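Student: Just so it is clear, I am handing over my_file.cif, which has mmCIF, C-alpha atoms and all ligand atoms.
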```cif
data_model
#
loop_
_atom_site.label_atom_id
_atom_site.label_comp_id
_atom_site.auth_asym_id
_atom_site.auth_seq_id
_atom_site.Cartn_x
_atom_site.Cartn_y
_atom_site.Cartn_z
CA MET A 25 67.19 -0.50 -59.38
CA PRO A 26 69.74 2.30 -59.85
CA GLU A 27 72.33 1.64 -62.52
CA LEU A 28 75.84 0.67 -61.45
CA PHE A 29 77.92 3.83 -60.94
CA GLY A 30 79.53 5.07 -64.13
CA HIS A 31 77.37 2.73 -66.25
CA THR A 32 74.31 3.60 -68.30
CA ARG A 33 72.07 1.98 -70.91
CA ALA A 34 71.83 5.41 -72.58
CA HIS A 35 73.15 5.90 -76.08
CA VAL A 36 73.09 9.10 -78.15
CA GLY A 37 74.16 8.81 -81.78
CA PRO A 38 73.51 10.66 -85.03
CA ARG A 39 70.50 8.54 -86.05
CA HIS A 40 69.08 7.15 -82.79
CA ALA A 41 69.14 7.68 -79.03
CA LEU A 42 68.02 5.86 -75.89
CA LEU A 43 67.58 7.69 -72.58
CA THR A 44 66.57 5.99 -69.34
CA PRO A 45 64.97 7.64 -66.28
CA HIS A 46 68.43 7.51 -64.59
CA ASN A 47 69.77 10.01 -67.15
CA HIS A 48 67.22 12.80 -66.63
CA VAL A 49 68.41 16.36 -65.96
CA ALA A 50 65.77 19.10 -65.62
CA SER A 51 65.49 22.28 -67.70
CA ALA A 52 63.52 25.43 -66.94
CA VAL A 53 60.92 25.66 -69.71
CA PRO A 54 58.99 28.91 -70.34
CA GLY A 55 55.27 28.42 -69.62
CA ILE A 56 55.80 25.53 -67.17
CA SER A 57 56.03 26.25 -63.43
CA GLY A 58 55.91 24.23 -60.20
CA ALA A 59 57.17 21.23 -62.15
CA THR A 60 60.29 19.35 -63.18
CA SER A 61 60.64 19.39 -66.97
CA VAL A 62 63.07 17.24 -68.91
CA ILE A 63 63.69 17.94 -72.60
CA LEU A 64 64.39 14.39 -73.75
CA ILE A 65 64.53 14.93 -77.52
CA ASN A 66 64.88 18.14 -79.56
CA GLU A 67 66.74 19.77 -82.41
CA ALA A 68 70.03 19.64 -80.48
CA MET A 69 69.83 15.83 -80.75
CA GLY A 70 69.14 16.00 -84.50
CA ALA A 71 65.34 15.67 -84.34
CA LYS A 72 62.78 17.94 -86.00
CA PHE A 73 60.44 17.80 -82.99
CA ALA A 74 60.68 17.95 -79.20
CA GLN A 75 59.68 15.38 -76.56
CA LEU A 76 59.40 16.53 -72.95
CA GLN A 77 58.48 14.83 -69.69
CA VAL A 78 56.91 17.09 -67.06
CA THR A 79 56.33 16.05 -63.43
CA PHE A 80 54.18 18.48 -61.42
CA GLN A 81 54.32 19.45 -57.76
CA ALA A 82 51.25 20.91 -55.98
CA GLU A 83 50.28 24.24 -57.62
CA GLY A 84 52.22 23.30 -60.76
CA ARG A 85 50.89 24.39 -64.13
CA ALA A 86 51.82 24.29 -67.79
CA GLY A 87 50.65 26.23 -70.79
CA GLN A 88 51.62 27.75 -74.05
CA PRO A 89 50.62 30.96 -75.82
CA ALA A 90 49.52 30.74 -79.45
CA GLY A 91 52.54 30.14 -81.70
CA PRO A 92 53.83 28.21 -84.71
CA SER A 93 54.21 24.92 -82.79
CA GLN A 94 51.54 22.33 -82.15
CA THR A 95 51.55 20.26 -78.96
CA PHE A 96 50.35 16.74 -78.22
CA GLY A 97 50.18 15.84 -74.52
CA TYR A 98 49.62 12.45 -72.85
CA VAL A 99 48.85 12.16 -69.13
CA MET A 100 51.00 9.34 -67.72
CA GLU A 101 50.05 9.80 -64.03
CA GLY A 102 47.63 11.96 -62.03
CA GLY A 103 45.41 14.52 -63.69
CA GLY A 104 44.09 18.08 -63.72
CA THR A 105 42.09 20.52 -65.83
CA LEU A 106 43.01 20.89 -69.46
CA ALA A 107 42.03 23.81 -71.67
CA VAL A 108 42.82 23.70 -75.39
CA GLY A 109 41.44 26.55 -77.49
CA LYS A 110 37.75 26.58 -76.51
CA LEU A 111 37.76 22.99 -75.15
CA LYS A 112 38.01 22.34 -71.41
CA ALA A 113 37.95 19.01 -69.53
CA LYS A 114 39.05 17.24 -66.36
CA VAL A 115 41.62 14.65 -67.36
CA ASN A 116 43.25 11.63 -65.72
CA ALA A 117 46.00 9.15 -66.58
CA GLY A 118 45.53 7.86 -70.13
CA TRP A 119 43.91 11.07 -71.43
CA TYR A 120 45.55 13.10 -74.15
CA PHE A 121 45.21 16.43 -75.95
CA TYR A 122 46.16 18.01 -79.24
CA ALA A 123 46.69 21.79 -79.39
CA PRO A 124 47.00 23.03 -82.99
CA ALA A 125 49.52 25.70 -83.91
CA GLY A 126 48.10 29.14 -83.24
CA GLN A 127 45.96 28.02 -80.26
CA THR A 128 46.63 28.28 -76.55
CA TRP A 129 46.59 25.37 -74.11
CA SER A 130 46.97 24.99 -70.35
CA LEU A 131 47.01 22.29 -67.68
CA THR A 132 46.08 23.56 -64.21
CA GLY A 133 44.69 22.23 -60.92
CA VAL A 134 47.02 19.23 -61.14
CA LYS A 135 47.27 16.49 -58.53
CA PRO A 136 50.83 16.49 -57.11
CA GLY A 137 52.90 13.88 -58.96
CA THR A 138 50.99 14.35 -62.22
CA GLN A 139 53.24 13.36 -65.09
CA VAL A 140 52.78 14.34 -68.73
CA THR A 141 54.66 13.59 -71.95
CA LEU A 142 54.59 16.36 -74.56
CA PHE A 143 55.44 16.13 -78.26
CA GLN A 144 55.91 19.49 -79.97
CA LYS A 145 56.44 20.19 -83.65
CA LYS A 146 56.34 23.29 -85.83
CA TYR A 147 53.23 22.88 -87.98
CA VAL A 148 53.67 22.58 -91.75
CA PRO A 149 50.36 23.70 -93.34
CA LEU A 150 48.97 21.84 -96.34
CA PRO A 151 47.87 24.42 -98.97
CA GLY A 152 44.12 24.30 -99.52
CA THR A 153 43.49 22.30 -96.31
CA ALA A 154 42.15 23.81 -93.08
CA ALA A 155 44.34 23.36 -89.99
CA PRO A 156 43.31 20.62 -87.50
CA ALA A 157 40.96 21.38 -84.60
CA PRO A 158 41.81 20.91 -80.87
CA ILE A 159 41.25 17.50 -79.25
CA ILE A 160 40.90 16.29 -75.65
CA ALA A 161 40.18 12.55 -75.38
CA ASP A 162 40.66 9.34 -73.39
CA ALA A 163 43.03 6.82 -75.03
CA ASP A 164 41.10 3.96 -73.36
CA LYS A 165 38.16 4.82 -75.63
CA VAL A 166 40.22 4.57 -78.83
CA LYS A 167 39.65 1.21 -80.51
CA GLY A 168 42.84 -0.66 -81.36
CA THR A 169 43.45 -2.90 -84.37
CA PRO A 170 45.82 -5.87 -84.78
CA PHE A 171 48.89 -4.54 -86.60
CA LEU A 172 49.03 -6.13 -90.06
CA GLY A 173 46.60 -8.74 -88.75
CA ASP A 174 48.72 -9.86 -85.76
CA PRO A 175 46.61 -10.05 -82.56
CA ALA A 176 49.85 -9.96 -80.47
CA ALA A 177 50.57 -6.37 -81.65
CA ASN A 178 47.69 -3.95 -81.12
CA LEU A 179 47.82 -0.42 -82.54
CA GLN A 180 45.75 2.54 -81.32
CA VAL A 181 45.87 5.63 -83.52
CA LEU A 182 45.18 8.62 -81.25
CA LEU A 183 44.94 11.43 -83.84
CA PRO A 184 42.56 11.45 -86.83
CA ASP A 185 43.88 9.91 -90.06
CA ASP A 186 43.47 13.25 -91.88
CA PRO A 187 45.97 15.02 -94.21
CA ALA A 188 45.52 18.24 -92.20
CA PHE A 189 47.69 16.61 -89.48
CA ASP A 190 51.45 16.56 -90.09
CA MET A 191 52.05 14.44 -86.98
CA ALA A 192 50.64 11.16 -85.69
CA VAL A 193 50.74 9.73 -82.16
CA ASN A 194 49.92 6.08 -81.54
CA VAL A 195 50.01 3.50 -78.74
CA PHE A 196 51.43 0.08 -79.60
CA ALA A 197 50.65 -2.76 -77.15
CA TYR A 198 52.35 -6.16 -77.48
CA GLN A 199 51.64 -9.49 -75.86
CA PRO A 200 54.78 -11.18 -74.44
CA GLY A 201 56.64 -12.44 -77.51
CA GLY A 202 54.74 -10.06 -79.80
CA HIS A 203 56.98 -8.15 -82.18
CA LEU A 204 57.13 -5.81 -85.18
CA PRO A 205 56.74 -8.08 -88.20
CA PHE A 206 59.88 -6.83 -89.95
CA VAL A 207 62.76 -4.37 -89.52
CA GLU A 208 61.26 -1.03 -90.58
CA VAL A 209 63.36 1.56 -92.41
CA HIS A 210 61.42 4.74 -93.18
CA VAL A 211 61.70 8.47 -93.71
CA MET A 212 59.49 9.30 -90.69
CA GLU A 213 61.08 10.10 -87.33
CA HIS A 214 59.84 8.66 -84.04
CA GLY A 215 59.90 9.84 -80.45
CA LEU A 216 58.91 6.96 -78.17
CA LEU A 217 58.07 6.46 -74.50
CA MET A 218 57.87 2.96 -73.00
CA LEU A 219 54.56 3.00 -71.08
CA GLY A 220 54.93 -0.44 -69.54
CA GLY A 221 56.54 -3.86 -69.69
CA GLN A 222 59.87 -4.75 -71.18
CA GLY A 223 61.37 -5.77 -74.46
CA VAL A 224 64.29 -5.46 -76.82
CA TYR A 225 64.53 -2.61 -79.33
CA ARG A 226 66.74 -2.96 -82.38
CA LEU A 227 67.99 0.48 -83.52
CA GLU A 228 70.36 0.41 -86.51
CA ASP A 229 72.84 -2.37 -85.69
CA SER A 230 72.36 -2.38 -81.89
CA TRP A 231 69.87 -4.25 -79.68
CA TYR A 232 68.78 -2.53 -76.45
CA PRO A 233 66.87 -4.05 -73.51
CA VAL A 234 64.16 -1.47 -72.69
CA GLU A 235 61.55 -1.02 -69.98
CA LYS A 236 58.89 1.38 -68.68
CA GLY A 237 60.10 4.99 -68.62
CA ASP A 238 62.73 4.62 -71.35
CA VAL A 239 62.65 7.12 -74.22
CA ILE A 240 63.91 6.49 -77.76
CA TRP A 241 64.58 8.83 -80.67
CA MET A 242 64.63 7.21 -84.11
CA GLY A 243 65.81 9.58 -86.84
CA PRO A 244 64.79 9.23 -90.50
CA TYR A 245 65.78 5.87 -91.99
CA CYS A 246 66.84 4.39 -88.61
CA PRO A 247 66.35 0.61 -88.99
CA GLN A 248 63.98 -0.39 -86.16
CA TRP A 249 62.41 -3.52 -84.70
CA PHE A 250 60.87 -4.44 -81.33
CA VAL A 251 60.03 -7.62 -79.47
CA ALA A 252 58.13 -7.69 -76.13
CA MET A 253 59.94 -9.89 -73.60
CA GLY A 254 59.04 -10.97 -70.08
CA LYS A 255 55.79 -12.23 -68.57
CA THR A 256 53.68 -9.08 -68.93
CA PRO A 257 52.51 -7.15 -72.03
CA ALA A 258 54.62 -4.20 -73.16
CA SER A 259 53.37 -0.95 -74.61
CA TYR A 260 54.74 2.31 -75.95
CA LEU A 261 53.49 5.74 -76.99
CA TYR A 262 55.13 7.13 -80.11
CA TYR A 263 55.24 10.19 -82.34
CA LYS A 264 55.70 10.19 -86.10
CA ASP A 265 55.76 12.93 -88.76
CA VAL A 266 53.24 12.21 -91.55
CA ASN A 267 51.33 13.45 -94.60
CA ARG A 268 53.77 15.90 -96.19
CA ALA A 269 55.51 16.01 -99.59
CA ALA A 270 58.81 14.22 -100.19
CA LEU A 271 60.44 17.35 -101.61
O1 LIG A 301 54.31 3.50 -87.21
C1 LIG A 301 55.42 2.99 -87.24
O2 LIG A 301 56.28 3.33 -88.04
C2 LIG A 301 55.74 1.90 -86.21
N1 LIG A 301 55.36 0.61 -86.74
N2 LIG A 301 57.13 1.94 -85.82
C3 LIG A 301 57.60 1.44 -84.64
O3 LIG A 301 56.80 0.91 -83.83
N3 LIG A 301 58.91 1.51 -84.39
MN MN A 302 58.34 2.96 -87.39
#
```
Re-express the file's structure as structure tokens.
Ligand code: UGY
Ligand code: MN
Tutor:
Amino acid sequence: MPELFGHTRAHVGPRHALLTPHNHVASAVPGISGATSVILINEAMGAKFAQLQVTFQAEGRAGQPAGPSQTFGYVMEGGGTLAVGKLKAKVNAGWYFYAPAGQTWSLTGVKPGTQVTLFQKKYVPLPGTAAPAPIIADADKVKGTPFLGDPAANLQVLLPDDPAFDMAVNVFAYQPGGHLPFVEVHVMEHGLLMLGGQGVYRLEDSWYPVEKGDVIWMGPYCPQWFVAMGKTPASYLYYKDVNRAAL
């Protein structure tokens, strides 16, 4: 349902932001053609990473030359042919890829309507540790675990738990009524996409009703808590910076 004219659930503040699909405005992004790209989160917002949503028309394609940024991509709808470094695979909704800094990636041969979320971050190498390798995989095949033992909150960790990675991307799935066990306050940032269902997100001292398609930025130390509400499970995909020194 469109929002009432002049009203929005969106909020953009110094430590957190919520954007709904009704707020999207497209940007032309180098390397992406035949597609509508929306830069939902980036440095202009205060974040140290970027989150984009790309919706492809027929003949659309996306790609990136080798550079200092790494890219994680998650296919929300449709599919196509992914190439990351030397890896190549046909992918569908629920598949994801990781392109390390310094490696090329491309998505071609897309079905019209294909939709992808991208997280991009400049890679911070860890001295003495080799950079991560490319990944193309199906999130359905990643085993989840109950978060802190709670079967109502299931966590899938999509990237290897390896200090070479300075970013993590996970899927959190909650049964109706499932919730984060406590209000988290942490140095890591998040970029989040609601994949399905509904719930209420606490960000700092505000509580926001959220649903599929909403995007949230949580800056460092943003107090955060979520409860899934409604009659269906809720799930979200989220980014987090990890594994690097405090100073
Ligand atoms: O990984 C996390 O920090 C996660 N528990 N945060 C969140 O879901 N808001
Ligand atoms: Mn968190």
Student: Quick one: everything within 7 Å of range 200-211 of chain A, counting only C-alpha atoms, minus sequence neighbours fewer than 5 positions away in the same chain. Send it as a list in words.
Tutor: Ala176, Ala177, Pro244, Tyr245, Cys246, Pro247, Gln248, Trp249, Phe250, Val251, Ala252, Met253, Gly254, Lys255, Thr256 and Pro257 of chain A
Student: Calculated over all atoms listed in the file, which of the candidates A:Pro184, A:Phe171, A:Ile56, A:Lys146 has the smallest distance to Leu131 in chain A?
Tutor: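 The answer is A:Ile56, which sits nearest to Leu131 in chain A.
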Student: Could you work out how far CA of Asp185 in chain A lies from CA of Pro170 in chain A, giving the answer in Å with one decimal?
Tutor: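 The value is 16.8 Å.
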Student: What does the distance between CA of Lys145 in chain A and CA of Asp190 in chain A come to in Å, to one decimal place?
Tutor: 8.9 Å
Student: By how many Å are CA of Gly30 in chain A and CA of Leu43 in chain A apart?
Tutor: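 Taking CA of Gly30 in chain A as the start and CA of Leu43 in chain A as the end point, the length is 14.9 Å.
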Student: Residues near Pro156 in chain A, anyone? I mean within 9 Å using all atoms listed in the file, not counting same-chain ones fewer than 2 positions away, as a ChimeraX atom specification.
Tutor: /A:123-125,153-154,158,186,188-189
Student: Would you mind exporting C-alpha atoms of the selected residues as a CSV table (one decimal), in the frame of the given file?
Tutor:
```csv
chain,number,residue,atom,x,y,z
A,123,ALA,CA,46.7,21.8,-79.4
A,124,PRO,CA,47.0,23.0,-83.0
A,125,ALA,CA,49.5,25.7,-83.9
A,153,THR,CA,43.5,22.3,-96.3
A,154,ALA,CA,42.2,23.8,-93.1
A,158,PRO,CA,41.8,20.9,-80.9
A,186,ASP,CA,43.5,13.2,-91.9
A,188,ALA,CA,45.5,18.2,-92.2
A,189,PHE,CA,47.7,16.6,-89.5
```
Student: Smallest atom-to-atom distance to ligand LIG 301 (chain A): which of A:His31, A:Lys236, A:His40, A:Lys167, using only C-alpha atoms and all ligand atoms?
Tutor: A:His40
Student: Around all of ligand LIG 301 (chain A)'s listed atoms, make the axis-aligned box with 6 Å on each side and tell me centre and edge lengths in Å to one decimal, as AutoDock Vina command-line options.
Tutor:
```
--center_x 56.6 --center_y 2.1 --center_z -85.9 --size_x 16.6 --size_y 14.9 --size_z 16.2
```
Student: Write out, as a Markdown table, each residue of range 90-186 of chain A that has an atom at most 10 Å from range 59-66 of chain A, together with the closest pair of atoms and their distance in Å to one decimal, counting all atoms listed in the file, rows going by chain and rising number.
Tutor:
```
| residue | atom | partner | partner_atom | distance |
| --- | --- | --- | --- | --- |
| A:Pro136 | CA | A:Ala59 | CA | 9.4 |
| A:Gly137 | CA | A:Ala59 | CA | 9.1 |
| A:Thr138 | CA | A:Ala59 | CA | 9.2 |
| A:Gln139 | CA | A:Ala59 | CA | 9.3 |
| A:Val140 | CA | A:Ser61 | CA | 9.5 |
| A:Thr141 | CA | A:Val62 | CA | 9.7 |
| A:Leu142 | CA | A:Ile63 | CA | 9.4 |
| A:Phe143 | CA | A:Ile65 | CA | 9.2 |
| A:Gln144 | CA | A:Asn66 | CA | 9.1 |
| A:Lys145 | CA | A:Asn66 | CA | 9.6 |
```
Student: List as a VMD selection string the protein and nucleic acid residues near Asp162 in chain A, meaning an atom at most 10 Å away when all atoms listed in the file are counted, but skip any in the same chain fewer than 3 places from it.
Tutor: chain A and resid 98 to 99 115 to 121 165 to 166 182
